[in-house]
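What follows is a set of notes on a single structure, which appears directly below.
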Amino acid sequence: MTSHRSPATQTERLRKYRPDIQGLRAVAIMMVVTMHVGLLDIHGGVDVSFVLSGFLIGSQLLAEIDRTGKVSLSKFWARRMRRLAPGMAVVVITTAVVAWLYASPLRFRETMKDGLSAALSFMNWRLVETGTDYFANDGTQSPYQHFWSLGIEEQFYVAAPIVLVVTAWLSRRILGNRALVAVFLTAAIGGSLYLSVKQTAENQPLAYFGTQTRIWELASGILLALGAPLLSRMNQGLAAVISWLGLATTIGTALLITKETPLPGYAVAGPVLGACMIIAGGCANPRLGVERILHNPVTDYVGNVSYGWYLWHWPILVLWPDVVGRDITYSDRFRVLSLSFILAVLMYYVVEARFRNNPQLVATPWKGIFAGGTATAGAAAATACALFIPLNLATSAAAVNGGATGYAGEASVKKAVTQGELSATALNALATAPKDTTHYGCIDNTDVEKFVMRDNCVIGDKTGKSTVVVIGDSHAWQWGDAFNELGQSLHLKVVTMAKGGCSPEVYAIKNPELNREYSECDSWRESAFKSIDDLKPDVIVVTSRIRREVTEAGAEKAFKKFEASGAKLVYITDTPQPGRNVPDCLATHIHDVTACSPDEKTAVEYPDFRVVEQKVAERHGATVVDSLPAFCADDVCPTVIADQIVYFDNSHMTGSYAKSLAPFLKPTLKKALAG
């Protein structure tokens, strides 16, 4: 494992500047950017960056401890703030301005909350709080979402020097060496990796964005820095082999990870291990190592601007459709990549280099901290103040001629197909449309495993003699206002049984939020069936979102249970999927409403599976209500019908429009009750 070389030669191996690490930094950023813009399905770039950060910071801190026996926290934090804060402030403020000018006004305040979180380095915890799906592609991504990884690194930079100095001091006092540091780092790696695997299965947003599940990646880099003197004595042939195997492991495992892979879990261990192998092999400075390809003018340059490229590429990608006024195309992806790189180069020379290499800031740590703190405070203040700016939404001073009527027969839908400009009535309601969810009925969250009857699940006439059960997922819950109206007019007690993402049909569903089989749905469904048996309803209304997991056997099993209850059955076909956030779209297309209305072929998901469910429902005596005539006409599904905004997001109808559909459902419900 060791070669007999003079101390001078070993010193040459432990280089202050590592070209292979500069090249690996370039590889990591290229992995991230090409994956985000959709040019390559490759993952793990951020994980590689975490290892690099741990190694570089660990090397600096340990070297300072060797020289002085302590760490100057002011100098350490000054370096970090000079390096990171100015560029961050420029991107945060510029993104806020572009979002104000071009993005949906309805999302601006939430975006500014994200910007404030990004400036203050806790964006990762905001994403945990909101339950963000990192791989969602539904137009809800924040232009500041990528700051989650920078937040973790900043939190690490605050704690790492303190913890490392204390542990090193204790190790030196107790054992006379650094063994305790190695033990501590090993324990941190094991504990954090365990949490990563465990929490990925239980709560993926927490696992993906949480600091506790990423510490092991950063700590792995510090452990490498601790062992660098030993690794530098490695046989050069072995070191070269390890470095090449490391590159193959990094790229190979990164290509095996897909959007369907539960992340971070154990899957990111591949890129992390590969990065560790590259760094470990490079410690011995082998002549034939992977540095031969990682060290070149291109990767050197890309490594220099990697921070700026990371900062710029994501907000440009997210805001691009708003700026150009259309969905992003394949050629647009290259434009995003190129423009973000150009801005990264400009920022490197104009902003980053000036702060990082400024002699006064370098010589006087408090000045560096003050400069970085001023930049951070400026970005935070800008986004905080933006929260109180009136929305950049055109409002009409014109008199509103009555309220919106919503659905008024198929003719109203047909007329809406050609509507060009948003009316004054609809425009005045647009600001509140995202909150116009159903006002009646209950829905259980993802983690709920059992349906429990509660007061808000009973709507309509709560003293009615006849009982109607509405069961399904959020696409059943969205009908709450309609069924509350029907319950009151027909004197019916309506019980809603709904759980997010959970079909009432017995399908094995993979929940994208959990990134695993939705076992909570299976147990909840069984308890809901038991509650139906106890209620003995007169009518059961079944409706839910059509899924690719549909099987005839699963639908058969559910409808057999419903039929056995003795209730009359009503099956409502699934509503269309606009595929984009409708209020956001309307807010940016107030003069061209048709731009937000999808064609019926696009909006109606899985038509073959719809037929399967419908046939099974009919086989068990259910009356089928085709929902599409209330939403689509002439092969178009308008998003505003008779001045009523139809959807409050990219999938669910507004409570107001649902209420207008009560007459649409009334004949079927009356017939079922009479029968």
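Going through the structure tokens in order, the chains are called A, B, and so on, while each chain numbers its residues from 1 and the ligands are numbered from 1 in the order shown.
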
Those of region 353-597 of chain A in DSSP strand (DSSP E or B), formatted as number ranges by chain: A: 444, 458-460, 466-472, 492-499, 510-511, 516-517, 539-542, 568-572

Next, dump the selected residues to file, keeping only C-alpha atoms, as a PDB file, in the first residue's frame.
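Contents of selection27.pdb, as written:
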ATOM      1  CA  ASP A 444     -57.090  12.914   4.396  1.00  0.00           C
ATOM      2  CA  VAL A 458     -70.706  15.431   6.660  1.00  0.00           C
ATOM      3  CA  ILE A 459     -72.111  18.121   4.364  1.00  0.00           C
ATOM      4  CA  GLY A 460     -75.442  19.001   2.738  1.00  0.00           C
ATOM      5  CA  SER A 466     -81.200   9.720   3.072  1.00  0.00           C
ATOM      6  CA  THR A 467     -77.416   9.306   3.019  1.00  0.00           C
ATOM      7  CA  VAL A 468     -75.070   9.703   0.087  1.00  0.00           C
ATOM      8  CA  VAL A 469     -71.406   8.710   0.282  1.00  0.00           C
ATOM      9  CA  VAL A 470     -68.883  10.311  -2.090  1.00  0.00           C
ATOM     10  CA  ILE A 471     -65.670   8.281  -2.127  1.00  0.00           C
ATOM     11  CA  GLY A 472     -62.403   8.807  -3.960  1.00  0.00           C
ATOM     12  CA  LEU A 492     -79.590  14.609   1.810  1.00  0.00           C
ATOM     13  CA  LYS A 493     -76.866  13.891   4.311  1.00  0.00           C
ATOM     14  CA  VAL A 494     -73.690  13.673   2.231  1.00  0.00           C
ATOM     15  CA  VAL A 495     -70.582  11.974   3.641  1.00  0.00           C
ATOM     16  CA  THR A 496     -67.278  12.592   1.866  1.00  0.00           C
ATOM     17  CA  MET A 497     -64.552   9.974   2.069  1.00  0.00           C
ATOM     18  CA  ALA A 498     -61.453  11.237   0.272  1.00  0.00           C
ATOM     19  CA  LYS A 499     -57.722  10.705   0.563  1.00  0.00           C
ATOM     20  CA  LYS A 510     -46.958   4.136  -6.336  1.00  0.00           C
ATOM     21  CA  ASN A 511     -47.118   7.525  -4.676  1.00  0.00           C
ATOM     22  CA  ARG A 516     -42.785   4.060  -3.067  1.00  0.00           C
ATOM     23  CA  GLU A 517     -45.888   1.885  -2.962  1.00  0.00           C
ATOM     24  CA  VAL A 539     -76.304   6.070  -2.759  1.00  0.00           C
ATOM     25  CA  ILE A 540     -72.543   5.676  -3.254  1.00  0.00           C
ATOM     26  CA  VAL A 541     -70.886   8.080  -5.663  1.00  0.00           C
ATOM     27  CA  VAL A 542     -67.488   6.878  -6.910  1.00  0.00           C
ATOM     28  CA  LYS A 568     -77.427   2.584  -5.611  1.00  0.00           C
ATOM     29  CA  LEU A 569     -74.162   3.327  -7.412  1.00  0.00           C
ATOM     30  CA  VAL A 570     -73.183   6.419  -9.385  1.00  0.00           C
ATOM     31  CA  TYR A 571     -69.846   6.627 -11.205  1.00  0.00           C
ATOM     32  CA  ILE A 572     -68.580  10.053 -12.318  1.00  0.00           C
TER      33      ILE A 572
END

Spatial neighbours of region 488-491 of chain A, max dist 12 Å, only C-alpha atoms, sep filter under 5 positions, as an MDAnalysis selection string: chainID A and resid 458:468 481:483 662:663 665:667 669:671 673:674

Keeping N, CA and C atoms, export the residues of the selection given above as a PDB file, in the first residue's frame.
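Printed below is result-v3.pdb as written:
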ATOM      1  N   VAL A 458     -69.258  15.468   6.906  1.00  0.00           N
ATOM      2  CA  VAL A 458     -70.706  15.431   6.660  1.00  0.00           C
ATOM      3  C   VAL A 458     -71.145  16.805   6.169  1.00  0.00           C
ATOM      4  N   ILE A 459     -71.696  16.856   4.964  1.00  0.00           N
ATOM      5  CA  ILE A 459     -72.111  18.121   4.364  1.00  0.00           C
ATOM      6  C   ILE A 459     -73.545  17.986   3.878  1.00  0.00           C
ATOM      7  N   GLY A 460     -74.063  19.026   3.196  1.00  0.00           N
ATOM      8  CA  GLY A 460     -75.442  19.001   2.738  1.00  0.00           C
ATOM      9  C   GLY A 460     -76.387  19.231   3.907  1.00  0.00           C
ATOM     10  N   ASP A 461     -77.477  18.492   3.941  1.00  0.00           N
ATOM     11  CA  ASP A 461     -78.437  18.554   5.053  1.00  0.00           C
ATOM     12  C   ASP A 461     -78.039  17.491   6.074  1.00  0.00           C
ATOM     13  N   LYS A 462     -77.398  17.901   7.145  1.00  0.00           N
ATOM     14  CA  LYS A 462     -76.855  16.937   8.112  1.00  0.00           C
ATOM     15  C   LYS A 462     -77.952  16.177   8.870  1.00  0.00           C
ATOM     16  N   THR A 463     -79.189  16.642   8.750  1.00  0.00           N
ATOM     17  CA  THR A 463     -80.305  15.932   9.389  1.00  0.00           C
ATOM     18  C   THR A 463     -81.129  15.145   8.371  1.00  0.00           C
ATOM     19  N   GLY A 464     -80.654  15.106   7.125  1.00  0.00           N
ATOM     20  CA  GLY A 464     -81.407  14.415   6.077  1.00  0.00           C
ATOM     21  C   GLY A 464     -81.585  12.936   6.371  1.00  0.00           C
ATOM     22  N   LYS A 465     -82.689  12.385   5.915  1.00  0.00           N
ATOM     23  CA  LYS A 465     -82.994  10.970   6.177  1.00  0.00           C
ATOM     24  C   LYS A 465     -82.253  10.045   5.221  1.00  0.00           C
ATOM     25  N   SER A 466     -81.944  10.531   4.043  1.00  0.00           N
ATOM     26  CA  SER A 466     -81.200   9.720   3.072  1.00  0.00           C
ATOM     27  C   SER A 466     -79.724  10.095   3.136  1.00  0.00           C
ATOM     28  N   THR A 467     -78.860   9.093   2.917  1.00  0.00           N
ATOM     29  CA  THR A 467     -77.416   9.306   3.019  1.00  0.00           C
ATOM     30  C   THR A 467     -76.745   8.989   1.688  1.00  0.00           C
ATOM     31  N   VAL A 468     -75.873   9.886   1.291  1.00  0.00           N
ATOM     32  CA  VAL A 468     -75.070   9.703   0.087  1.00  0.00           C
ATOM     33  C   VAL A 468     -73.596   9.731   0.495  1.00  0.00           C
ATOM     34  N   ASP A 481     -68.427  21.224  -3.130  1.00  0.00           N
ATOM     35  CA  ASP A 481     -69.410  22.311  -3.168  1.00  0.00           C
ATOM     36  C   ASP A 481     -70.662  21.913  -3.939  1.00  0.00           C
ATOM     37  N   ALA A 482     -70.459  21.104  -4.987  1.00  0.00           N
ATOM     38  CA  ALA A 482     -71.626  20.638  -5.749  1.00  0.00           C
ATOM     39  C   ALA A 482     -72.506  19.738  -4.890  1.00  0.00           C
ATOM     40  N   PHE A 483     -71.885  18.819  -4.163  1.00  0.00           N
ATOM     41  CA  PHE A 483     -72.684  17.890  -3.354  1.00  0.00           C
ATOM     42  C   PHE A 483     -73.261  18.548  -2.106  1.00  0.00           C
ATOM     43  N   ALA A 662     -73.909  21.671  -9.696  1.00  0.00           N
ATOM     44  CA  ALA A 662     -74.957  20.950  -8.971  1.00  0.00           C
ATOM     45  C   ALA A 662     -76.144  20.587  -9.876  1.00  0.00           C
ATOM     46  N   PRO A 663     -76.638  21.512 -10.712  1.00  0.00           N
ATOM     47  CA  PRO A 663     -77.733  21.132 -11.617  1.00  0.00           C
ATOM     48  C   PRO A 663     -77.334  20.048 -12.623  1.00  0.00           C
ATOM     49  N   LEU A 665     -75.447  17.472 -12.001  1.00  0.00           N
ATOM     50  CA  LEU A 665     -75.508  16.171 -11.335  1.00  0.00           C
ATOM     51  C   LEU A 665     -76.897  15.824 -10.795  1.00  0.00           C
ATOM     52  N   LYS A 666     -77.722  16.821 -10.606  1.00  0.00           N
ATOM     53  CA  LYS A 666     -78.992  16.637  -9.883  1.00  0.00           C
ATOM     54  C   LYS A 666     -79.913  15.571 -10.484  1.00  0.00           C
ATOM     55  N   PRO A 667     -80.147  15.542 -11.811  1.00  0.00           N
ATOM     56  CA  PRO A 667     -81.060  14.519 -12.350  1.00  0.00           C
ATOM     57  C   PRO A 667     -80.588  13.098 -12.057  1.00  0.00           C
ATOM     58  N   LEU A 669     -78.693  12.051  -9.568  1.00  0.00           N
ATOM     59  CA  LEU A 669     -78.800  11.746  -8.141  1.00  0.00           C
ATOM     60  C   LEU A 669     -80.259  11.518  -7.746  1.00  0.00           C
ATOM     61  N   LYS A 670     -81.147  12.312  -8.286  1.00  0.00           N
ATOM     62  CA  LYS A 670     -82.570  12.134  -7.983  1.00  0.00           C
ATOM     63  C   LYS A 670     -83.059  10.779  -8.492  1.00  0.00           C
ATOM     64  N   LYS A 671     -82.601  10.406  -9.671  1.00  0.00           N
ATOM     65  CA  LYS A 671     -83.009   9.114 -10.242  1.00  0.00           C
ATOM     66  C   LYS A 671     -82.500   7.959  -9.398  1.00  0.00           C
ATOM     67  N   LEU A 673     -81.822   8.006  -6.187  1.00  0.00           N
ATOM     68  CA  LEU A 673     -82.582   7.978  -4.930  1.00  0.00           C
ATOM     69  C   LEU A 673     -83.977   7.400  -5.147  1.00  0.00           C
ATOM     70  N   ALA A 674     -84.574   7.776  -6.279  1.00  0.00           N
ATOM     71  CA  ALA A 674     -85.911   7.261  -6.565  1.00  0.00           C
ATOM     72  C   ALA A 674     -85.873   5.761  -6.794  1.00  0.00           C
TER      73      ALA A 674
END

Show which residues sit within 8 Å of region 478-480 of chain A, as a JSON list (two decimals) with C-alpha atoms, in the first residue's frame. Count only C-alpha atoms, and ignore same-chain residues fewer than 5 positions away.
[["chain", "number", "residue", "atom", "x", "y", "z"],
["A", 437, "THR", "CA", -60.76, 25.23, -3.32],
["A", 438, "THR", "CA", -63.84, 23.30, -2.31],
["A", 439, "HIS", "CA", -65.38, 24.74, 0.83],
["A", 440, "TYR", "CA", -67.10, 21.54, 1.94],
["A", 441, "GLY", "CA", -66.07, 18.00, 2.66],
["A", 496, "THR", "CA", -67.28, 12.59, 1.87],
["A", 652, "HIS", "CA", -58.65, 20.49, -9.61],
["A", 653, "MET", "CA", -61.71, 22.60, -10.28],
["A", 654, "THR", "CA", -62.52, 25.63, -8.18],
["A", 655, "GLY", "CA", -65.18, 25.41, -5.51],
["A", 658, "ALA", "CA", -68.09, 22.91, -8.73],
["A", 659, "LYS", "CA", -71.06, 24.64, -7.12]]

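Rounded to one decimal, CA of Asp533 (chain A) and CA of Ser627 (chain A) lie 27.5 Å from each other.
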
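Here CA of Trp366 (chain A) is placed at a distance of 24.5 Å from CA of Gly308 (chain A).
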
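Between Arg326 (chain A) and the residues A:Ala344, A:Ala159, A:Ala595, A:Ala26, the shortest atom-to-atom distance, using only C-alpha atoms, involves A:Ala595.
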
Residue neighbourhood Ser523 (chain A), 9 Å, only C-alpha atoms, exclusion window fewer than 5 positions, as a ChimeraX atom specification: /A:449-451,528

Close residues, region 168-181 of chain A itself excluded, 9 Å, only C-alpha atoms, min 2 positions apart in chain, as a PyMOL selection string: chain A and resi 62+65+69-70+163-166+183-186+223+226

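Each of A:Thr132, A:Thr418, A:Gln204, A:Asn285 was checked against Leu231 (chain A) using only C-alpha atoms; the smallest atom-to-atom distance is that of A:Asn285.
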
Between CA of Val413 (chain A) and CA of Thr425 (chain A), distance in Å (one decimal): 17.0 Å

Residue list (alpha helix (DSSP H), DSSP) for region 387-479 of chain A, as number ranges by chain: A: 410-416, 424-430, 474-477

Nearby residues (only C-alpha atoms) at most 10 Å from Gly420 (chain A), same-chain spacing under 6 positions excluded, as a list in words: His589, Ile590, His591, Asp592, Val593, Thr594 and Ala595 of chain A

Would you write out those residues with N, CA and C atoms, as a PDB file, in the first residue's frame?
ATOM      1  N   HIS A 589     -52.022  35.772 -19.452  1.00  0.00           N
ATOM      2  CA  HIS A 589     -52.672  35.758 -20.767  1.00  0.00           C
ATOM      3  C   HIS A 589     -54.084  36.334 -20.665  1.00  0.00           C
ATOM      4  N   ILE A 590     -54.213  37.471 -20.009  1.00  0.00           N
ATOM      5  CA  ILE A 590     -55.552  38.015 -19.779  1.00  0.00           C
ATOM      6  C   ILE A 590     -56.229  38.458 -21.081  1.00  0.00           C
ATOM      7  N   HIS A 591     -55.448  38.641 -22.127  1.00  0.00           N
ATOM      8  CA  HIS A 591     -56.030  39.049 -23.423  1.00  0.00           C
ATOM      9  C   HIS A 591     -56.136  37.892 -24.395  1.00  0.00           C
ATOM     10  N   ASP A 592     -55.739  36.697 -23.951  1.00  0.00           N
ATOM     11  CA  ASP A 592     -55.812  35.529 -24.840  1.00  0.00           C
ATOM     12  C   ASP A 592     -56.059  34.284 -23.995  1.00  0.00           C
ATOM     13  N   VAL A 593     -57.280  34.136 -23.528  1.00  0.00           N
ATOM     14  CA  VAL A 593     -57.651  33.034 -22.646  1.00  0.00           C
ATOM     15  C   VAL A 593     -57.454  31.689 -23.334  1.00  0.00           C
ATOM     16  N   THR A 594     -57.602  31.651 -24.633  1.00  0.00           N
ATOM     17  CA  THR A 594     -57.484  30.378 -25.351  1.00  0.00           C
ATOM     18  C   THR A 594     -56.085  29.770 -25.200  1.00  0.00           C
ATOM     19  N   ALA A 595     -55.084  30.599 -24.905  1.00  0.00           N
ATOM     20  CA  ALA A 595     -53.719  30.088 -24.734  1.00  0.00           C
ATOM     21  C   ALA A 595     -53.619  29.170 -23.521  1.00  0.00           C
TER      22      ALA A 595
END

Exercise: Val345 (chain A) partners within 6 Å, only C-alpha atoms, chain neighbours under 3 positions left out, as an MDAnalysis selection string: chainID A and resid 305 342 348

Only C-alpha atoms, please: the residues just picked out, written as a CSV table (one decimal), in the first residue's frame.
chain,number,residue,atom,x,y,z
A,305,VAL,CA,-17.3,29.5,-13.2
A,342,ILE,CA,-22.3,33.4,-20.3
A,348,TYR,CA,-17.1,35.5,-12.2

Counting only C-alpha atoms, the residue of A:Asn445, A:Ser531, A:Thr68, A:Ser74 that sits nearest Val362 (chain A): A:Ser74

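Using only C-alpha atoms, the nearest neighbour of Lys560 (chain A) within the list A:Lys113, A:Lys259, A:Arg356, A:Arg619 is A:Arg619.
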
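When only C-alpha atoms are used to measure the gap to Ala384 (chain A), the shortest distance among A:Ile93, A:Ile328, A:Val350, A:Ile278 belongs to A:Ile93.
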